[in-house]
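Peer 1: Below you will find the structure I want to go over with you.
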Amino acid sequence: MILLAVLFVCFISSYSASVKGHTTGLSLNNDRLYKLTYSTEVFVNQVGEPLQDSAGYKISSNVDVVLLWRNPDGDDDQLIKVTIKDVNVENVNQREGEKNIFNGKKISKIIGKDNLPALQTPVLLHLTRGKVTDYYSYPNEPVSIQNLKRGLASLFQMQLTSGTSNEVDISGDCKVTYQAHHDKVTKIKALDTCKTKMPGFTTQNKVLGVSSKAVSVTTYKIEDSFVTAVIAEETHAFSLNFLRKATGKVVSRQKLELKTTAAGPGLMPGKKVAAVVKAVDPNYKSIPLVGQLFQSECKRCPSLSEFWQSARKQLQPDNLAKADSSRSFLDLIHHLRAAKKEELLQILKSENKEILPQLVDAVTSAQTPDSLEAILEFLNFKSESDIILQERFLYACGFASHPNEALLKALLKTFKNPIGSNDIRETVVIVIGALIRKLCQQEACKAPAVVEAKKLILGGLEKAEKKEDIKMYLLALKNALLPEGIPLLLKYLESDDGPISHLAATSLQRYESSFITDEVKTVLNRVYHQNRKVHEKTVRTTAAAIILNNNPSYMEVKNLLLSIGELPKEMNKYMLSVVQDILRFQSPASKMVRRVLKEMVTHNYDRFAKSGSSSAYTGYVERDPHMASTYSLDILYSGSGILRRSNLNIFQYMENTHLHASQVVIEAQGLEALIAATPDEGEENLDSFAGMSAILFDVQLRPVTFFNGYSDLMAKVLSASGDPVSVVKGLILLTDHSQVIQLQSGLKANVEFQGGLAIDISGAMEFSLWYRESKTRVKNRVAVVVTSDITVDSSFVKAGLQSSFETEAGLEFISTVQFSQYPFLVCMQMDKDEAPFRQYVTKYERLATGRGYVSRKGKEKLFPGSEFPLHQENSDMCKVVFAPQAENSSDGWF
């Protein structure tokens, strides 16, 4: 007890950080040497898992602190020397035998013969009013070792009164809040405000992005008005928004305590701190207290060419629907990002035609200056011989997770130069539109390249005379969603050309509600009700959908409902299904619709008993308090029973944002002559045509054509089948999050989340006069892999958590219509392949010398496939063909 009392008195005299005194922060006494213990420990694990199961390590030491100088004009201006001694590194959780990577290792072997002396070299701290204003050290020391000493130095920075201010410490320039109590002072650091130059990037769309939460609390314990200990804890938690199981957490702790004191050196004379520092050692330099970036050397890592030889087999075209291809794609991107232009070109030029498309996907997705230069030099846009490679490059640009202005400049330059293929020329402009939107989301709308790209699209649309050019610029605007383009869309919405009018309508449909003003709604109502001219059904129904989805007024809803009964037969049924779907799904417009339906003139048997086969249906794939996923399927037929349009959508919603995950639209027109039927009003002179359009992850792709013109149509009819046409095929980098975190302890955390998708979407339309039957197919095969890697690095030891989630799935939508009678028979069928879901978790601790400990766990679940009809009214045909599945409902879709 006497010894404890003596130690406590020593600590009082040494850390005279009294609330009652004249100092504003920690202050040391003259002529004393203060011996403290210090430890920092780190835990890495999944969110929700106990710290006892974490990977991690602990660094502990003794610390000597002496006061070298105090400003004669003020006690709050002082220079102290801090020396780390007796360093030890150990497991943060107890491990026995071979699992203990530190067992039997000398500290000099663990930390390194050069690192250990540097760690034990003293640093000087210039404290002014409790804040570290200068940090003095030897500039040639390893950055990782300097960071550990910076982490200790940051604990000496505090104030004794409550308040909020900005402080500069190892984490950067951060907003901190002090809460002073009689027995402690708590410092809360707002880590999201820290200004630092650590590298990183993330996926722009929040749905595909990563959510994070960071907390930093440092407690200065006070007894009898004096500080007795410093305890700090910093926590970073991460989760992937669309896959909540993909999580990670880093917990970093520091503890500094005084143990004893002894006689120390006297104060050095002088009025200026710089002169005193020079007198101590002229080699000391003032360097930033903010943590600096360092890169650990990767030992035993394969070179790019070595890795490529092992990965290329998984990227064969036949393997694209397998998880192995997506996993190899993600691993390849890691290697490509470290490669130089010459290495990339060497691999590109040496590959065969089967592998090249997948390699182009990966090189483009790497999104580095070297990868962009290499792929642009490799591709020859003047040639029509490698259109597939050019298209894969362009779509990879459109799906870019974090595009920059350089990429947009490259595409603008490509467009200005000769392009051999008209399809590629069109795709370049469409992708430029997608990049405009993504860069504007990054608040780069005023960047020179973005301004130039806007002028290209808006100016091109305004001056275009050829129908093909008008469609090209409309598709680009559909991606860019420029507010200044709305007047042009309204102009083309009332065009005499049905396909152009429909494209303008679907472009407007993608804008947010704030842009669908009363002026826009006036034009939409005029189109739907055909006040000035006759429009195609597809245009009118799209106009109605925009009105109903954007805060419709009472009269707008009433007029839409009153029109039911006066429309062409199948359009009547379609609009009725849309209204019923709004009510059943409780869409935002449902309240207004219910109000209007209270009037007998709008809600009566005559209006709601219209027959037909067109339909609209919306349902939930998944719903929880955090997010919701919905699907919608609407099909519009012509009066003769031939498909006019089928539209399958999947949306993902999260908080105030959403992602249009996919849309597949199949359209047909001008086919009535084949069965001697009468075309609907406004569609008498349409050319024979069928095609497919797709949106994938908010990017409108270039539409593809099944047939165009009477001769092409007759060839398909006589063959009684249609070969599948690929809409998009390739590898897509869905999620791409990379972050470097400077922990207050001086350790560095690297956080990476990546999601790779191998996808093949194709469609076909079959038409048989003999059987008087038409059939459309949309086939979607995907393999998804999501990986996360969270590592805490000290340069001599690492601890990390690696997680992997993967699945393979196939989904086929088939719509069959028999039009030998009316009402014609319709069957909509969804075939879903069985889907395995695999999850792997790896925790590891590894010394720089190579010795390591690894713990792996995994589990797998198989979701069975199913085959069932979907939402049809004339279901006799489906009952015959799919009788065993008749009990299934649309909820089993996914």
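By order in the structure tokens, chains are A, B, ...; within a chain, residues start at 1; ligands start at 1, following the order shown.
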With a distance cut-off of 8 Å and only C-alpha atoms, select the neighbouring residues of range 190-201 of chain A, excluding the residue or stretch itself and same-chain residues fewer than 5 positions from it, and output the selection as a list in words.

Peer 2: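 Once the nearby chain positions are removed, what remains is Ser171, Gly172, Asp173, Cys174, Lys175, Val176, Ala214, Val215, Ser216, Val290, Leu293, His402, Asp736, His737, Ser738, Gln739, Val740, Ile741 and Gln742 of chain A.
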
Peer 1: Looking at A:Pro403, A:Gln346, A:Ile355, A:Asn750, which one is nearest to Ile375 in chain A, with distances taken over only C-alpha atoms?

Peer 2: A:Gln346

Peer 1: Given the choices A:Ile80, A:Leu304, A:Leu124, A:Ala758, which gets closest to Leu733 in chain A if the distance is worked out from only C-alpha atoms?

Peer 2: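 The shortest atom-to-atom distance to Leu733 in chain A comes from A:Ala758.
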
Peer 1: Between CA of Glu167 in chain A and CA of Lys58 in chain A, what is the distance, to one decimal in Å?

Peer 2: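 Interatomic distance here is 26.9 Å.
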
Peer 1: Using DSSP on the backbone, list every residue of range 437-610 of chain A that comes out as helix (DSSP H, G or I), and give them as a compact mmCIF listing (two decimals) with N, CA and C atoms, in the first residue's frame.

Peer 2:
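Result went into out04.txt, see below:
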```
# COMPACT_ATOMS: atom_id res chain seq x y z
N ARG A 437 -23.31 10.18 -66.63
CA ARG A 437 -24.12 10.05 -65.42
C ARG A 437 -23.26 9.67 -64.21
N LYS A 438 -22.35 8.72 -64.40
CA LYS A 438 -21.52 8.27 -63.27
C LYS A 438 -20.59 9.38 -62.80
N LEU A 439 -20.03 10.15 -63.72
CA LEU A 439 -19.14 11.23 -63.32
C LEU A 439 -19.92 12.36 -62.65
N CYS A 440 -21.13 12.61 -63.10
CA CYS A 440 -21.97 13.61 -62.43
C CYS A 440 -22.32 13.17 -61.01
N GLN A 441 -22.49 11.86 -60.82
CA GLN A 441 -22.74 11.34 -59.47
C GLN A 441 -21.52 11.54 -58.58
N PRO A 448 -14.19 19.40 -67.81
CA PRO A 448 -14.17 19.71 -69.25
C PRO A 448 -14.65 18.57 -70.14
N ALA A 449 -14.22 17.35 -69.86
CA ALA A 449 -14.62 16.22 -70.69
C ALA A 449 -16.12 15.96 -70.59
N VAL A 450 -16.68 16.13 -69.40
CA VAL A 450 -18.12 15.92 -69.21
C VAL A 450 -18.91 16.99 -69.96
N VAL A 451 -18.45 18.22 -69.89
CA VAL A 451 -19.12 19.31 -70.61
C VAL A 451 -19.09 19.03 -72.11
N GLU A 452 -17.93 18.57 -72.61
CA GLU A 452 -17.82 18.25 -74.03
C GLU A 452 -18.75 17.11 -74.42
N ALA A 453 -18.84 16.09 -73.56
CA ALA A 453 -19.70 14.94 -73.85
C ALA A 453 -21.17 15.34 -73.85
N LYS A 454 -21.55 16.22 -72.95
CA LYS A 454 -22.93 16.71 -72.93
C LYS A 454 -23.27 17.41 -74.25
N LYS A 455 -22.36 18.25 -74.71
CA LYS A 455 -22.58 18.97 -75.97
C LYS A 455 -22.71 17.99 -77.13
N LEU A 456 -21.91 16.94 -77.10
CA LEU A 456 -21.96 15.94 -78.16
C LEU A 456 -23.36 15.31 -78.24
N ILE A 457 -23.89 14.90 -77.10
CA ILE A 457 -25.18 14.20 -77.09
C ILE A 457 -26.33 15.16 -77.37
N LEU A 458 -26.39 16.27 -76.65
CA LEU A 458 -27.50 17.22 -76.83
C LEU A 458 -27.46 17.86 -78.20
N GLY A 459 -26.25 18.26 -78.62
CA GLY A 459 -26.12 18.87 -79.94
C GLY A 459 -26.41 17.88 -81.05
N GLY A 460 -25.93 16.66 -80.87
CA GLY A 460 -26.19 15.64 -81.87
C GLY A 460 -27.66 15.32 -82.00
N LEU A 461 -28.36 15.25 -80.88
CA LEU A 461 -29.79 14.95 -80.90
C LEU A 461 -30.59 16.09 -81.53
N GLU A 462 -30.14 17.29 -81.30
CA GLU A 462 -30.86 18.46 -81.83
C GLU A 462 -30.69 18.58 -83.34
N LYS A 463 -29.53 18.18 -83.83
CA LYS A 463 -29.24 18.36 -85.26
C LYS A 463 -29.42 17.09 -86.09
N LYS A 467 -32.65 8.69 -88.99
CA LYS A 467 -33.37 7.96 -87.94
C LYS A 467 -32.39 7.21 -87.04
N GLU A 468 -31.36 6.61 -87.62
CA GLU A 468 -30.37 5.86 -86.84
C GLU A 468 -29.62 6.76 -85.86
N ASP A 469 -29.28 7.98 -86.30
CA ASP A 469 -28.57 8.90 -85.42
C ASP A 469 -29.47 9.39 -84.28
N ILE A 470 -30.74 9.63 -84.60
CA ILE A 470 -31.68 10.07 -83.56
C ILE A 470 -31.78 8.99 -82.48
N LYS A 471 -31.91 7.73 -82.89
CA LYS A 471 -32.00 6.64 -81.90
C LYS A 471 -30.72 6.54 -81.08
N MET A 472 -29.58 6.71 -81.74
CA MET A 472 -28.29 6.61 -81.04
C MET A 472 -28.18 7.66 -79.94
N TYR A 473 -28.51 8.89 -80.25
CA TYR A 473 -28.40 9.96 -79.24
C TYR A 473 -29.49 9.84 -78.17
N LEU A 474 -30.66 9.33 -78.55
CA LEU A 474 -31.71 9.09 -77.54
C LEU A 474 -31.26 8.02 -76.55
N LEU A 475 -30.63 6.97 -77.04
CA LEU A 475 -30.13 5.92 -76.15
C LEU A 475 -29.04 6.46 -75.23
N ALA A 476 -28.19 7.34 -75.75
CA ALA A 476 -27.15 7.95 -74.92
C ALA A 476 -27.77 8.83 -73.85
N LEU A 477 -28.81 9.58 -74.23
CA LEU A 477 -29.49 10.44 -73.25
C LEU A 477 -30.24 9.60 -72.22
N LYS A 478 -30.70 8.44 -72.63
CA LYS A 478 -31.37 7.52 -71.70
C LYS A 478 -30.41 7.05 -70.62
N ASN A 479 -29.12 7.00 -70.93
CA ASN A 479 -28.10 6.66 -69.93
C ASN A 479 -27.66 7.88 -69.14
N ALA A 480 -27.48 9.00 -69.84
CA ALA A 480 -26.94 10.20 -69.17
C ALA A 480 -27.96 10.85 -68.25
N PRO A 483 -30.87 16.64 -67.18
CA PRO A 483 -32.10 17.45 -67.05
C PRO A 483 -32.31 18.36 -68.25
N GLU A 484 -31.22 18.89 -68.80
CA GLU A 484 -31.33 19.81 -69.94
C GLU A 484 -31.76 19.09 -71.22
N GLY A 485 -31.81 17.75 -71.17
CA GLY A 485 -32.25 17.01 -72.35
C GLY A 485 -33.75 16.74 -72.39
N ILE A 486 -34.46 17.09 -71.32
CA ILE A 486 -35.90 16.79 -71.26
C ILE A 486 -36.69 17.49 -72.36
N PRO A 487 -36.44 18.78 -72.67
CA PRO A 487 -37.19 19.40 -73.79
C PRO A 487 -37.03 18.65 -75.10
N LEU A 488 -35.85 18.12 -75.37
CA LEU A 488 -35.64 17.34 -76.59
C LEU A 488 -36.42 16.03 -76.55
N LEU A 489 -36.47 15.41 -75.38
CA LEU A 489 -37.24 14.17 -75.25
C LEU A 489 -38.73 14.42 -75.49
N LEU A 490 -39.22 15.55 -74.99
CA LEU A 490 -40.63 15.88 -75.20
C LEU A 490 -40.92 16.12 -76.68
N LYS A 491 -39.95 16.71 -77.35
CA LYS A 491 -40.10 16.94 -78.79
C LYS A 491 -40.23 15.61 -79.54
N TYR A 492 -39.33 14.68 -79.25
CA TYR A 492 -39.37 13.40 -79.95
C TYR A 492 -40.49 12.49 -79.45
N LEU A 493 -40.98 12.75 -78.26
CA LEU A 493 -42.10 11.97 -77.74
C LEU A 493 -43.33 12.11 -78.64
N GLY A 498 -43.09 5.97 -84.65
CA GLY A 498 -43.42 5.23 -83.44
C GLY A 498 -42.22 4.77 -82.63
N PRO A 499 -41.23 4.06 -83.22
CA PRO A 499 -40.07 3.61 -82.43
C PRO A 499 -39.31 4.76 -81.78
N ILE A 500 -39.16 5.89 -82.48
CA ILE A 500 -38.46 7.03 -81.89
C ILE A 500 -39.29 7.62 -80.74
N SER A 501 -40.58 7.72 -80.96
CA SER A 501 -41.46 8.23 -79.90
C SER A 501 -41.41 7.33 -78.68
N HIS A 502 -41.41 6.02 -78.91
CA HIS A 502 -41.36 5.07 -77.79
C HIS A 502 -40.02 5.16 -77.06
N LEU A 503 -38.92 5.31 -77.79
CA LEU A 503 -37.61 5.44 -77.17
C LEU A 503 -37.52 6.71 -76.33
N ALA A 504 -38.11 7.81 -76.81
CA ALA A 504 -38.13 9.04 -76.02
C ALA A 504 -38.95 8.85 -74.75
N ALA A 505 -40.04 8.10 -74.86
CA ALA A 505 -40.89 7.86 -73.68
C ALA A 505 -40.16 7.02 -72.63
N THR A 506 -39.50 5.95 -73.08
CA THR A 506 -38.79 5.10 -72.12
C THR A 506 -37.58 5.84 -71.51
N SER A 507 -37.03 6.79 -72.25
CA SER A 507 -35.94 7.62 -71.67
C SER A 507 -36.49 8.50 -70.56
N LEU A 508 -37.63 9.13 -70.80
CA LEU A 508 -38.27 9.95 -69.75
C LEU A 508 -38.61 9.11 -68.53
N GLN A 509 -38.95 7.87 -68.76
CA GLN A 509 -39.37 6.98 -67.68
C GLN A 509 -38.26 6.76 -66.65
N SER A 513 -38.56 11.62 -60.10
CA SER A 513 -39.86 12.31 -60.04
C SER A 513 -39.73 13.83 -60.08
N SER A 514 -38.64 14.36 -59.52
CA SER A 514 -38.48 15.81 -59.45
C SER A 514 -38.39 16.44 -60.85
N PHE A 515 -38.03 15.65 -61.85
CA PHE A 515 -37.91 16.17 -63.22
C PHE A 515 -39.19 15.99 -64.03
N ASP A 518 -45.08 19.53 -64.20
CA ASP A 518 -46.42 19.69 -64.78
C ASP A 518 -46.32 19.86 -66.30
N GLU A 519 -45.28 20.56 -66.76
CA GLU A 519 -45.10 20.74 -68.19
C GLU A 519 -44.87 19.40 -68.89
N VAL A 520 -44.05 18.55 -68.28
CA VAL A 520 -43.80 17.22 -68.84
C VAL A 520 -45.09 16.40 -68.82
N LYS A 521 -45.83 16.47 -67.73
CA LYS A 521 -47.07 15.68 -67.62
C LYS A 521 -48.11 16.14 -68.64
N THR A 522 -48.10 17.41 -68.97
CA THR A 522 -49.04 17.91 -69.98
C THR A 522 -48.82 17.21 -71.31
N VAL A 523 -47.55 17.08 -71.70
CA VAL A 523 -47.22 16.39 -72.95
C VAL A 523 -47.57 14.91 -72.85
N LEU A 524 -47.26 14.29 -71.70
CA LEU A 524 -47.53 12.87 -71.52
C LEU A 524 -49.03 12.59 -71.62
N ASN A 525 -49.85 13.44 -70.99
CA ASN A 525 -51.31 13.27 -71.07
C ASN A 525 -51.80 13.47 -72.51
N ARG A 526 -51.18 14.42 -73.19
CA ARG A 526 -51.58 14.69 -74.57
C ARG A 526 -51.28 13.47 -75.46
N VAL A 527 -50.15 12.81 -75.20
CA VAL A 527 -49.78 11.63 -75.98
C VAL A 527 -50.71 10.47 -75.66
N TYR A 528 -50.95 10.24 -74.37
CA TYR A 528 -51.79 9.10 -73.99
C TYR A 528 -53.20 9.25 -74.54
N LYS A 537 -49.58 1.88 -79.33
CA LYS A 537 -49.94 1.42 -77.98
C LYS A 537 -48.74 1.48 -77.03
N THR A 538 -47.56 1.08 -77.54
CA THR A 538 -46.38 1.05 -76.68
C THR A 538 -46.04 2.44 -76.15
N VAL A 539 -46.24 3.45 -76.99
CA VAL A 539 -45.95 4.84 -76.57
C VAL A 539 -46.98 5.30 -75.55
N ARG A 540 -48.24 5.02 -75.83
CA ARG A 540 -49.31 5.48 -74.93
C ARG A 540 -49.23 4.81 -73.56
N THR A 541 -48.97 3.51 -73.53
CA THR A 541 -48.90 2.82 -72.24
C THR A 541 -47.68 3.28 -71.43
N THR A 542 -46.57 3.57 -72.12
CA THR A 542 -45.39 4.09 -71.40
C THR A 542 -45.68 5.48 -70.83
N ALA A 543 -46.38 6.31 -71.59
CA ALA A 543 -46.76 7.64 -71.09
C ALA A 543 -47.65 7.51 -69.86
N ALA A 544 -48.59 6.56 -69.89
CA ALA A 544 -49.47 6.35 -68.74
C ALA A 544 -48.67 5.88 -67.52
N ALA A 545 -47.70 5.00 -67.74
CA ALA A 545 -46.88 4.50 -66.63
C ALA A 545 -46.09 5.63 -65.98
N ILE A 546 -45.56 6.55 -66.79
CA ILE A 546 -44.80 7.68 -66.22
C ILE A 546 -45.72 8.55 -65.37
N ILE A 547 -46.91 8.81 -65.86
CA ILE A 547 -47.86 9.64 -65.10
C ILE A 547 -48.20 8.98 -63.77
N LEU A 548 -48.53 7.69 -63.80
CA LEU A 548 -48.95 6.98 -62.59
C LEU A 548 -47.82 6.80 -61.58
N TYR A 554 -55.48 14.05 -59.11
CA TYR A 554 -56.79 13.40 -59.09
C TYR A 554 -57.36 13.31 -60.50
N MET A 555 -57.29 14.43 -61.24
CA MET A 555 -57.87 14.45 -62.58
C MET A 555 -57.07 13.59 -63.56
N GLU A 556 -55.76 13.52 -63.37
CA GLU A 556 -54.95 12.67 -64.25
C GLU A 556 -55.34 11.20 -64.09
N VAL A 557 -55.50 10.76 -62.84
CA VAL A 557 -55.90 9.38 -62.59
C VAL A 557 -57.31 9.14 -63.11
N LYS A 558 -58.20 10.09 -62.86
CA LYS A 558 -59.59 9.92 -63.30
C LYS A 558 -59.67 9.80 -64.82
N ASN A 559 -58.95 10.64 -65.54
CA ASN A 559 -58.99 10.59 -67.00
C ASN A 559 -58.40 9.29 -67.54
N LEU A 560 -57.35 8.79 -66.88
CA LEU A 560 -56.78 7.51 -67.29
C LEU A 560 -57.79 6.38 -67.10
N LEU A 561 -58.49 6.39 -65.95
CA LEU A 561 -59.47 5.34 -65.69
C LEU A 561 -60.66 5.44 -66.64
N LEU A 562 -61.06 6.66 -66.94
CA LEU A 562 -62.20 6.84 -67.85
C LEU A 562 -61.87 6.37 -69.26
N SER A 563 -60.59 6.36 -69.60
CA SER A 563 -60.21 5.93 -70.95
C SER A 563 -60.36 4.43 -71.13
N LYS A 569 -58.70 -3.30 -77.78
CA LYS A 569 -59.07 -4.39 -76.88
C LYS A 569 -57.96 -4.78 -75.91
N GLU A 570 -56.79 -5.12 -76.40
CA GLU A 570 -55.71 -5.56 -75.52
C GLU A 570 -55.14 -4.41 -74.69
N MET A 571 -55.19 -3.21 -75.21
CA MET A 571 -54.72 -2.06 -74.43
C MET A 571 -55.67 -1.81 -73.27
N ASN A 572 -56.96 -2.03 -73.47
CA ASN A 572 -57.92 -1.96 -72.37
C ASN A 572 -57.52 -2.89 -71.24
N LYS A 573 -57.26 -4.15 -71.61
CA LYS A 573 -56.90 -5.14 -70.60
C LYS A 573 -55.58 -4.80 -69.92
N TYR A 574 -54.64 -4.30 -70.71
CA TYR A 574 -53.34 -3.94 -70.14
C TYR A 574 -53.49 -2.82 -69.12
N MET A 575 -54.19 -1.75 -69.46
CA MET A 575 -54.35 -0.62 -68.54
C MET A 575 -55.11 -1.04 -67.29
N LEU A 576 -56.09 -1.92 -67.46
CA LEU A 576 -56.82 -2.44 -66.30
C LEU A 576 -55.88 -3.22 -65.38
N SER A 577 -55.01 -4.04 -65.97
CA SER A 577 -54.04 -4.79 -65.17
C SER A 577 -53.07 -3.87 -64.44
N VAL A 578 -52.66 -2.78 -65.11
CA VAL A 578 -51.76 -1.81 -64.48
C VAL A 578 -52.41 -1.20 -63.24
N VAL A 579 -53.68 -0.80 -63.36
CA VAL A 579 -54.40 -0.21 -62.22
C VAL A 579 -54.54 -1.23 -61.10
N GLN A 580 -54.91 -2.45 -61.43
CA GLN A 580 -55.07 -3.48 -60.40
C GLN A 580 -53.74 -3.81 -59.73
N ASP A 581 -52.66 -3.77 -60.51
CA ASP A 581 -51.34 -4.03 -59.94
C ASP A 581 -50.92 -2.93 -58.97
N ILE A 582 -51.25 -1.69 -59.31
CA ILE A 582 -50.95 -0.56 -58.40
C ILE A 582 -51.67 -0.74 -57.07
N LEU A 583 -52.92 -1.16 -57.13
CA LEU A 583 -53.70 -1.35 -55.90
C LEU A 583 -53.18 -2.54 -55.10
N ARG A 584 -52.91 -3.65 -55.78
CA ARG A 584 -52.47 -4.86 -55.06
C ARG A 584 -51.10 -4.67 -54.44
N PHE A 585 -50.18 -4.05 -55.18
CA PHE A 585 -48.80 -3.88 -54.70
C PHE A 585 -48.67 -2.67 -53.77
N SER A 590 -51.37 4.32 -55.29
CA SER A 590 -52.56 3.55 -54.92
C SER A 590 -53.58 4.38 -54.14
N LYS A 591 -53.11 5.28 -53.29
CA LYS A 591 -54.04 6.10 -52.51
C LYS A 591 -54.88 6.99 -53.42
N MET A 592 -54.24 7.58 -54.41
CA MET A 592 -54.98 8.44 -55.33
C MET A 592 -55.94 7.61 -56.19
N VAL A 593 -55.51 6.44 -56.60
CA VAL A 593 -56.38 5.58 -57.40
C VAL A 593 -57.62 5.18 -56.59
N ARG A 594 -57.42 4.84 -55.32
CA ARG A 594 -58.57 4.47 -54.48
C ARG A 594 -59.54 5.63 -54.33
N ARG A 595 -59.01 6.84 -54.22
CA ARG A 595 -59.89 8.01 -54.12
C ARG A 595 -60.76 8.14 -55.36
N VAL A 596 -60.13 7.99 -56.52
CA VAL A 596 -60.87 8.15 -57.77
C VAL A 596 -61.90 7.04 -57.95
N LEU A 597 -61.53 5.83 -57.50
CA LEU A 597 -62.44 4.69 -57.68
C LEU A 597 -63.70 4.78 -56.81
N TYR A 605 -68.72 -2.29 -63.33
CA TYR A 605 -68.48 -3.61 -63.91
C TYR A 605 -68.05 -3.51 -65.37
N ASP A 606 -68.68 -2.61 -66.11
CA ASP A 606 -68.38 -2.49 -67.53
C ASP A 606 -66.91 -2.17 -67.75
N ARG A 607 -66.35 -1.34 -66.89
CA ARG A 607 -64.96 -0.93 -67.07
C ARG A 607 -63.99 -2.00 -66.57
N PHE A 608 -64.33 -2.68 -65.50
CA PHE A 608 -63.40 -3.61 -64.88
C PHE A 608 -63.62 -5.07 -65.30
```

Peer 1: Find the residues near Asn685 in chain A: any atom within 10 Å, counting only C-alpha atoms, skip ones fewer than 5 places away on the same chain, and give them as number ranges by chain.

Peer 2: A: 669-670, 679

Peer 1: A:Thr202, A:Arg95, A:Ile732, A:Gly264: which is nearest Val360 in chain A, counting only C-alpha atoms?

Peer 2: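 For Val360 in chain A, the nearest of the given residues is A:Ile732.
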
Peer 1: Would you mind listing what lies within 10 Å of Leu119 in chain A as a list in words, with only C-alpha atoms counted and same-chain residues fewer than 2 positions away left out?

Peer 2: Thr83, Ile84, Lys85, Val87, Ile111, Asp114, Asn115, Leu116, Pro117, Thr121, Pro122, Val123, Glu141, Pro142, Ser144, Ile145, Gln146, Asn147, Leu148 and Lys149 of chain A

Peer 1: For the residues selected in the previous step, produce a file with N, CA, C and O atoms as a short mmCIF file (atom, residue, chain, number, x, y, z; two decimals), in the first residue's frame.

Peer 2:
```
data_model
loop_
_atom_site.label_atom_id
_atom_site.label_comp_id
_atom_site.auth_asym_id
_atom_site.auth_seq_id
_atom_site.Cartn_x
_atom_site.Cartn_y
_atom_site.Cartn_z
N THR A 83 10.75 7.49 -25.53
CA THR A 83 11.59 6.38 -25.98
C THR A 83 10.88 5.06 -25.72
O THR A 83 10.45 4.80 -24.59
N ILE A 84 10.76 4.25 -26.77
CA ILE A 84 10.16 2.92 -26.64
C ILE A 84 11.26 1.91 -26.34
O ILE A 84 12.32 1.91 -26.97
N LYS A 85 11.00 1.00 -25.36
CA LYS A 85 12.00 0.01 -24.95
C LYS A 85 11.31 -1.34 -24.73
O LYS A 85 10.10 -1.41 -24.57
N VAL A 87 10.52 -4.11 -26.42
CA VAL A 87 9.37 -4.39 -27.29
C VAL A 87 9.08 -5.89 -27.31
O VAL A 87 9.99 -6.72 -27.31
N ILE A 111 10.47 -8.41 -35.71
CA ILE A 111 10.35 -7.03 -36.17
C ILE A 111 11.35 -6.72 -37.27
O ILE A 111 11.06 -5.93 -38.19
N ASP A 114 16.68 -4.16 -38.76
CA ASP A 114 16.73 -2.72 -38.98
C ASP A 114 15.55 -2.00 -38.32
O ASP A 114 15.69 -0.86 -37.87
N ASN A 115 14.40 -2.68 -38.29
CA ASN A 115 13.20 -2.05 -37.74
C ASN A 115 13.27 -1.87 -36.22
O ASN A 115 12.81 -0.86 -35.69
N LEU A 116 13.81 -2.86 -35.52
CA LEU A 116 13.81 -2.79 -34.06
C LEU A 116 14.62 -1.61 -33.53
O LEU A 116 14.10 -0.85 -32.67
N PRO A 117 15.85 -1.37 -33.99
CA PRO A 117 16.58 -0.17 -33.51
C PRO A 117 15.84 1.12 -33.84
O PRO A 117 15.82 2.07 -33.04
N THR A 121 14.39 4.15 -31.24
CA THR A 121 15.01 5.47 -31.31
C THR A 121 14.04 6.51 -30.78
O THR A 121 12.87 6.52 -31.17
N PRO A 122 14.48 7.43 -29.89
CA PRO A 122 13.54 8.40 -29.29
C PRO A 122 12.96 9.36 -30.33
O PRO A 122 13.55 9.64 -31.37
N VAL A 123 11.77 9.87 -30.03
CA VAL A 123 11.15 10.95 -30.79
C VAL A 123 10.92 12.12 -29.83
O VAL A 123 10.82 11.94 -28.60
N GLU A 141 13.92 6.78 -41.26
CA GLU A 141 13.39 5.56 -40.65
C GLU A 141 12.25 4.99 -41.49
O GLU A 141 11.55 5.71 -42.20
N PRO A 142 12.05 3.66 -41.42
CA PRO A 142 10.95 3.05 -42.17
C PRO A 142 9.61 3.68 -41.80
O PRO A 142 9.35 3.97 -40.63
N SER A 144 6.59 2.47 -41.72
CA SER A 144 5.74 1.67 -40.83
C SER A 144 6.16 1.82 -39.38
O SER A 144 5.31 1.86 -38.47
N ILE A 145 7.45 1.93 -39.13
CA ILE A 145 7.95 2.12 -37.76
C ILE A 145 7.63 3.52 -37.26
O ILE A 145 7.23 3.72 -36.11
N GLN A 146 7.79 4.50 -38.14
CA GLN A 146 7.41 5.87 -37.78
C GLN A 146 5.94 5.94 -37.38
O GLN A 146 5.56 6.64 -36.44
N ASN A 147 5.09 5.22 -38.12
CA ASN A 147 3.66 5.25 -37.81
C ASN A 147 3.35 4.69 -36.43
O ASN A 147 2.47 5.19 -35.73
N LEU A 148 4.06 3.64 -36.02
CA LEU A 148 3.84 3.10 -34.68
C LEU A 148 4.20 4.13 -33.61
O LEU A 148 3.50 4.26 -32.60
N LYS A 149 5.28 4.89 -33.85
CA LYS A 149 5.66 5.93 -32.88
C LYS A 149 4.69 7.11 -32.94
O LYS A 149 4.42 7.75 -31.92
#
```
